[in-house]
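To keep things clear, I will list the structure first and then write my remarks on it.
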Amino acid sequence: MKEYILLIRNTIDSKGNFSLQQHLEFVNKCSVYIESLQRAGKLLAAQPMVREGVLLSKKTIDWETTPFNEHNEIMVGYYHIIANDMTEAIEIAKGNPEFAYTTTARIEVRPLKMKEDSTGYVYPNND
């Protein structure tokens with residue numbers, strides 16, 4: 001089994017016109033999705049992200065902070081999962097409720113590096 005991170009991206013206002021009922025329905029679907037991943041032993045962690053923050057960069061000797069929503073798309077949450085391979089990780093991502101409720105969602109599916117091949121360094125985890 002390998003570890004993957006699913007980075008959930010969407011437009012800033014993707015659910016801005018939802019009624020309270022639609023929002024509660026969406027949150028419930030997310031809860032069902034999370035519980036199904038937990039029962040299958042595929043979920044390590046999942047969190048939504050607050051829609052505020054900055055991008056931090058350093059081009060020379062000075063640090064720069066800029067709003068992260070400058071392109072109207074933000075990371076709205078993540079799932080840290082276990083999958084046999086990239087194909088299974090993609091299938092897990094396809095079940096995310098974000099796709100059922102908006103047409104602007106995108107999920108970045110990335111394998112996590114557990115060890116540096118060149119040095120043998122093993123990254124810490126919560127085991």
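Ligands are numbered from 1 in the order shown, chains are lettered A, B, ... in the order of the structure tokens, and residues start at 1 in each chain.
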Residues within 12 Å of segment 35-48 of chain A, only C-alpha atoms, excluding chain neighbours under 5 positions, as a PyMOL selection string: chain A and resi 1-10+27-30+74-84+88-89+91-93+95-96+98+125-127
Output C-alpha atoms for every residue in the selection just made, as a compact mmCIF listing (two decimals), in the first residue's frame.
# COMPACT_ATOMS: atom_id res chain seq x y z
CA MET A 1 0.00 0.00 0.00
CA LYS A 2 1.12 3.53 -0.77
CA GLU A 3 0.08 6.86 0.72
CA TYR A 4 -1.50 9.57 -1.42
CA ILE A 5 -2.72 13.09 -0.79
CA LEU A 6 -5.86 14.29 -2.54
CA LEU A 7 -5.75 18.09 -2.72
CA ILE A 8 -9.27 19.39 -3.27
CA ARG A 9 -9.41 22.61 -5.30
CA ASN A 10 -12.39 24.73 -6.21
CA VAL A 27 -21.63 18.25 4.31
CA ASN A 28 -23.63 15.07 4.94
CA LYS A 29 -22.38 13.56 1.65
CA CYS A 30 -18.81 14.41 2.69
CA ILE A 74 -8.24 27.78 -3.72
CA MET A 75 -7.48 24.53 -1.97
CA VAL A 76 -10.61 23.75 0.04
CA GLY A 77 -9.40 20.59 1.78
CA TYR A 78 -7.39 17.42 1.62
CA TYR A 79 -7.64 13.68 2.12
CA HIS A 80 -4.62 11.60 3.16
CA ILE A 81 -5.39 8.11 1.90
CA ILE A 82 -3.88 4.68 1.41
CA ALA A 83 -4.24 3.00 -1.99
CA ASN A 84 -2.63 0.11 -3.83
CA GLU A 88 -7.00 3.15 -7.09
CA ALA A 89 -6.18 6.60 -5.66
CA GLU A 91 -10.92 6.04 -8.28
CA ILE A 92 -11.14 7.10 -4.63
CA ALA A 93 -10.84 10.75 -5.67
CA GLY A 95 -16.04 9.54 -5.46
CA ASN A 96 -15.51 12.88 -3.73
CA GLU A 98 -17.16 18.00 -4.51
CA ASN A 125 4.73 9.72 10.14
CA ASN A 126 2.13 9.13 12.82
CA ASP A 127 2.65 5.36 13.16
Neighbour list for Glu64 of chain A as an NGL selection string, cut-off 10 Å, only C-alpha atoms, skip fewer than 5 positions in-chain: :A and (54-59)
Keeping only N, CA and C atoms, write those residues as a compact mmCIF listing (two decimals), in the first residue's frame.
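Written out: out_9.txt:
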# COMPACT_ATOMS: atom_id res chain seq x y z
N VAL A 54 -2.34 33.06 3.21
CA VAL A 54 -1.46 33.74 2.26
C VAL A 54 -0.55 32.72 1.60
N LEU A 55 0.03 33.13 0.49
CA LEU A 55 1.13 32.40 -0.13
C LEU A 55 2.42 33.06 0.32
N LEU A 56 3.36 32.29 0.78
CA LEU A 56 4.63 32.80 1.26
C LEU A 56 5.70 32.45 0.24
N SER A 57 6.51 33.43 -0.13
CA SER A 57 7.60 33.17 -1.07
C SER A 57 8.82 34.01 -0.70
N LYS A 58 9.94 33.64 -1.26
CA LYS A 58 11.19 34.36 -1.02
C LYS A 58 11.96 34.37 -2.33
N LYS A 59 11.99 35.54 -2.97
CA LYS A 59 12.63 35.63 -4.28
C LYS A 59 14.10 36.04 -4.16
Which residue of A:Val32, A:Ile90, A:Ile107, A:Ile12 approaches Phe68 of chain A most closely, using only C-alpha atoms: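 Using only C-alpha atoms, the shortest distance to Phe68 of chain A belongs to A:Ile12.
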Which of segment 5-108 of chain A DSSP labels alpha helix (DSSP H), written as a ChimeraX atom specification: /A:20-39,86-94,98-101
Please produce an output containing C-alpha atoms for each residue in the selection, written as a PDB file, in the first residue's frame.
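Output saved as out_28.pdb:
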ATOM      1  CA  LEU A  20     -28.695  26.098   4.047  1.00  0.00           C
ATOM      2  CA  GLN A  21     -30.361  22.833   3.020  1.00  0.00           C
ATOM      3  CA  GLN A  22     -27.975  22.354   0.064  1.00  0.00           C
ATOM      4  CA  HIS A  23     -24.976  23.089   2.270  1.00  0.00           C
ATOM      5  CA  LEU A  24     -26.132  20.591   4.915  1.00  0.00           C
ATOM      6  CA  GLU A  25     -26.725  17.993   2.189  1.00  0.00           C
ATOM      7  CA  PHE A  26     -23.201  18.531   0.838  1.00  0.00           C
ATOM      8  CA  VAL A  27     -21.632  18.247   4.309  1.00  0.00           C
ATOM      9  CA  ASN A  28     -23.629  15.068   4.937  1.00  0.00           C
ATOM     10  CA  LYS A  29     -22.384  13.559   1.651  1.00  0.00           C
ATOM     11  CA  CYS A  30     -18.814  14.411   2.688  1.00  0.00           C
ATOM     12  CA  SER A  31     -19.416  12.676   6.016  1.00  0.00           C
ATOM     13  CA  VAL A  32     -20.710   9.558   4.236  1.00  0.00           C
ATOM     14  CA  TYR A  33     -17.683   9.615   1.893  1.00  0.00           C
ATOM     15  CA  ILE A  34     -15.277   9.932   4.840  1.00  0.00           C
ATOM     16  CA  GLU A  35     -16.992   7.141   6.769  1.00  0.00           C
ATOM     17  CA  SER A  36     -16.876   4.810   3.752  1.00  0.00           C
ATOM     18  CA  LEU A  37     -13.137   5.444   3.349  1.00  0.00           C
ATOM     19  CA  GLN A  38     -12.628   4.799   7.075  1.00  0.00           C
ATOM     20  CA  ARG A  39     -14.558   1.516   6.948  1.00  0.00           C
ATOM     21  CA  MET A  86      -2.334   5.585  -8.580  1.00  0.00           C
ATOM     22  CA  THR A  87      -5.289   3.999 -10.377  1.00  0.00           C
ATOM     23  CA  GLU A  88      -7.004   3.151  -7.092  1.00  0.00           C
ATOM     24  CA  ALA A  89      -6.177   6.598  -5.661  1.00  0.00           C
ATOM     25  CA  ILE A  90      -7.821   8.221  -8.710  1.00  0.00           C
ATOM     26  CA  GLU A  91     -10.921   6.044  -8.282  1.00  0.00           C
ATOM     27  CA  ILE A  92     -11.144   7.095  -4.632  1.00  0.00           C
ATOM     28  CA  ALA A  93     -10.841  10.754  -5.675  1.00  0.00           C
ATOM     29  CA  LYS A  94     -13.613  10.367  -8.268  1.00  0.00           C
ATOM     30  CA  GLU A  98     -17.162  17.996  -4.508  1.00  0.00           C
ATOM     31  CA  PHE A  99     -17.731  16.708  -8.071  1.00  0.00           C
ATOM     32  CA  ALA A 100     -21.439  16.024  -7.479  1.00  0.00           C
ATOM     33  CA  TYR A 101     -22.142  19.536  -6.198  1.00  0.00           C
TER      34      TYR A 101
END
Those of chain A in DSSP strand (DSSP E or B), formatted as a ChimeraX atom specification: /A:2-11,43-48,54-58,63-67,73-83,106-111,115,122
Okay, now the selection with C-alpha atoms, as a PDB file, in the first residue's frame?
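again.pdb written:
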ATOM      1  CA  LYS A   2       1.117   3.534  -0.767  1.00  0.00           C
ATOM      2  CA  GLU A   3       0.078   6.857   0.715  1.00  0.00           C
ATOM      3  CA  TYR A   4      -1.502   9.571  -1.415  1.00  0.00           C
ATOM      4  CA  ILE A   5      -2.722  13.087  -0.789  1.00  0.00           C
ATOM      5  CA  LEU A   6      -5.859  14.286  -2.537  1.00  0.00           C
ATOM      6  CA  LEU A   7      -5.750  18.086  -2.717  1.00  0.00           C
ATOM      7  CA  ILE A   8      -9.271  19.394  -3.268  1.00  0.00           C
ATOM      8  CA  ARG A   9      -9.411  22.612  -5.298  1.00  0.00           C
ATOM      9  CA  ASN A  10     -12.393  24.729  -6.209  1.00  0.00           C
ATOM     10  CA  THR A  11     -13.358  28.289  -6.982  1.00  0.00           C
ATOM     11  CA  LEU A  43      -8.400   7.093   5.109  1.00  0.00           C
ATOM     12  CA  LEU A  44      -5.550   8.406   7.264  1.00  0.00           C
ATOM     13  CA  ALA A  45      -6.807  12.002   7.618  1.00  0.00           C
ATOM     14  CA  ALA A  46      -9.176  14.524   6.050  1.00  0.00           C
ATOM     15  CA  GLN A  47      -9.734  18.200   6.768  1.00  0.00           C
ATOM     16  CA  PRO A  48     -11.454  21.129   5.114  1.00  0.00           C
ATOM     17  CA  VAL A  54      -1.461  33.740   2.261  1.00  0.00           C
ATOM     18  CA  LEU A  55       1.127  32.401  -0.128  1.00  0.00           C
ATOM     19  CA  LEU A  56       4.631  32.804   1.262  1.00  0.00           C
ATOM     20  CA  SER A  57       7.599  33.172  -1.072  1.00  0.00           C
ATOM     21  CA  LYS A  58      11.188  34.361  -1.022  1.00  0.00           C
ATOM     22  CA  TRP A  63       9.906  37.394   2.173  1.00  0.00           C
ATOM     23  CA  GLU A  64       6.689  38.110   0.308  1.00  0.00           C
ATOM     24  CA  THR A  65       3.119  37.233   1.265  1.00  0.00           C
ATOM     25  CA  THR A  66       0.313  37.445  -1.268  1.00  0.00           C
ATOM     26  CA  PRO A  67      -3.337  36.391  -1.139  1.00  0.00           C
ATOM     27  CA  GLU A  73      -9.208  28.941  -7.181  1.00  0.00           C
ATOM     28  CA  ILE A  74      -8.243  27.783  -3.723  1.00  0.00           C
ATOM     29  CA  MET A  75      -7.477  24.531  -1.965  1.00  0.00           C
ATOM     30  CA  VAL A  76     -10.606  23.748   0.038  1.00  0.00           C
ATOM     31  CA  GLY A  77      -9.404  20.587   1.775  1.00  0.00           C
ATOM     32  CA  TYR A  78      -7.386  17.423   1.616  1.00  0.00           C
ATOM     33  CA  TYR A  79      -7.642  13.679   2.116  1.00  0.00           C
ATOM     34  CA  HIS A  80      -4.622  11.602   3.159  1.00  0.00           C
ATOM     35  CA  ILE A  81      -5.386   8.112   1.897  1.00  0.00           C
ATOM     36  CA  ILE A  82      -3.883   4.676   1.408  1.00  0.00           C
ATOM     37  CA  ALA A  83      -4.244   2.999  -1.993  1.00  0.00           C
ATOM     38  CA  ARG A 106     -10.484  19.688  -9.324  1.00  0.00           C
ATOM     39  CA  ILE A 107      -8.566  17.149  -7.269  1.00  0.00           C
ATOM     40  CA  GLU A 108      -4.808  16.837  -7.424  1.00  0.00           C
ATOM     41  CA  VAL A 109      -3.852  13.203  -6.708  1.00  0.00           C
ATOM     42  CA  ARG A 110      -0.245  12.923  -5.537  1.00  0.00           C
ATOM     43  CA  PRO A 111       1.750  10.017  -4.112  1.00  0.00           C
ATOM     44  CA  LYS A 115      11.811   7.792   1.846  1.00  0.00           C
ATOM     45  CA  VAL A 122      12.676   8.076   6.067  1.00  0.00           C
TER      46      VAL A 122
END
12 Å contact set for Tyr123 of chain A, only C-alpha atoms, chain neighbours under 6 positions out, as a tab-separated table (two decimals) with C-alpha atoms, in the first residue's frame:
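Once everything was written out, this is out31.tsv:
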chain	number	residue	atom	x	y	z
A	112	LEU	CA	3.60	10.87	-0.92
A	113	LYS	CA	7.31	10.25	-0.72
A	114	MET	CA	8.04	8.09	2.27
A	115	LYS	CA	11.81	7.79	1.85
A	116	GLU	CA	14.64	9.60	0.06
A	117	ASP	CA	16.29	7.18	-2.33
Distance in Å - atom CA of Gly16 of chain A versus atom CA of Pro97 of chain A: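 Computing it gives 16.1 Å between the two atoms.
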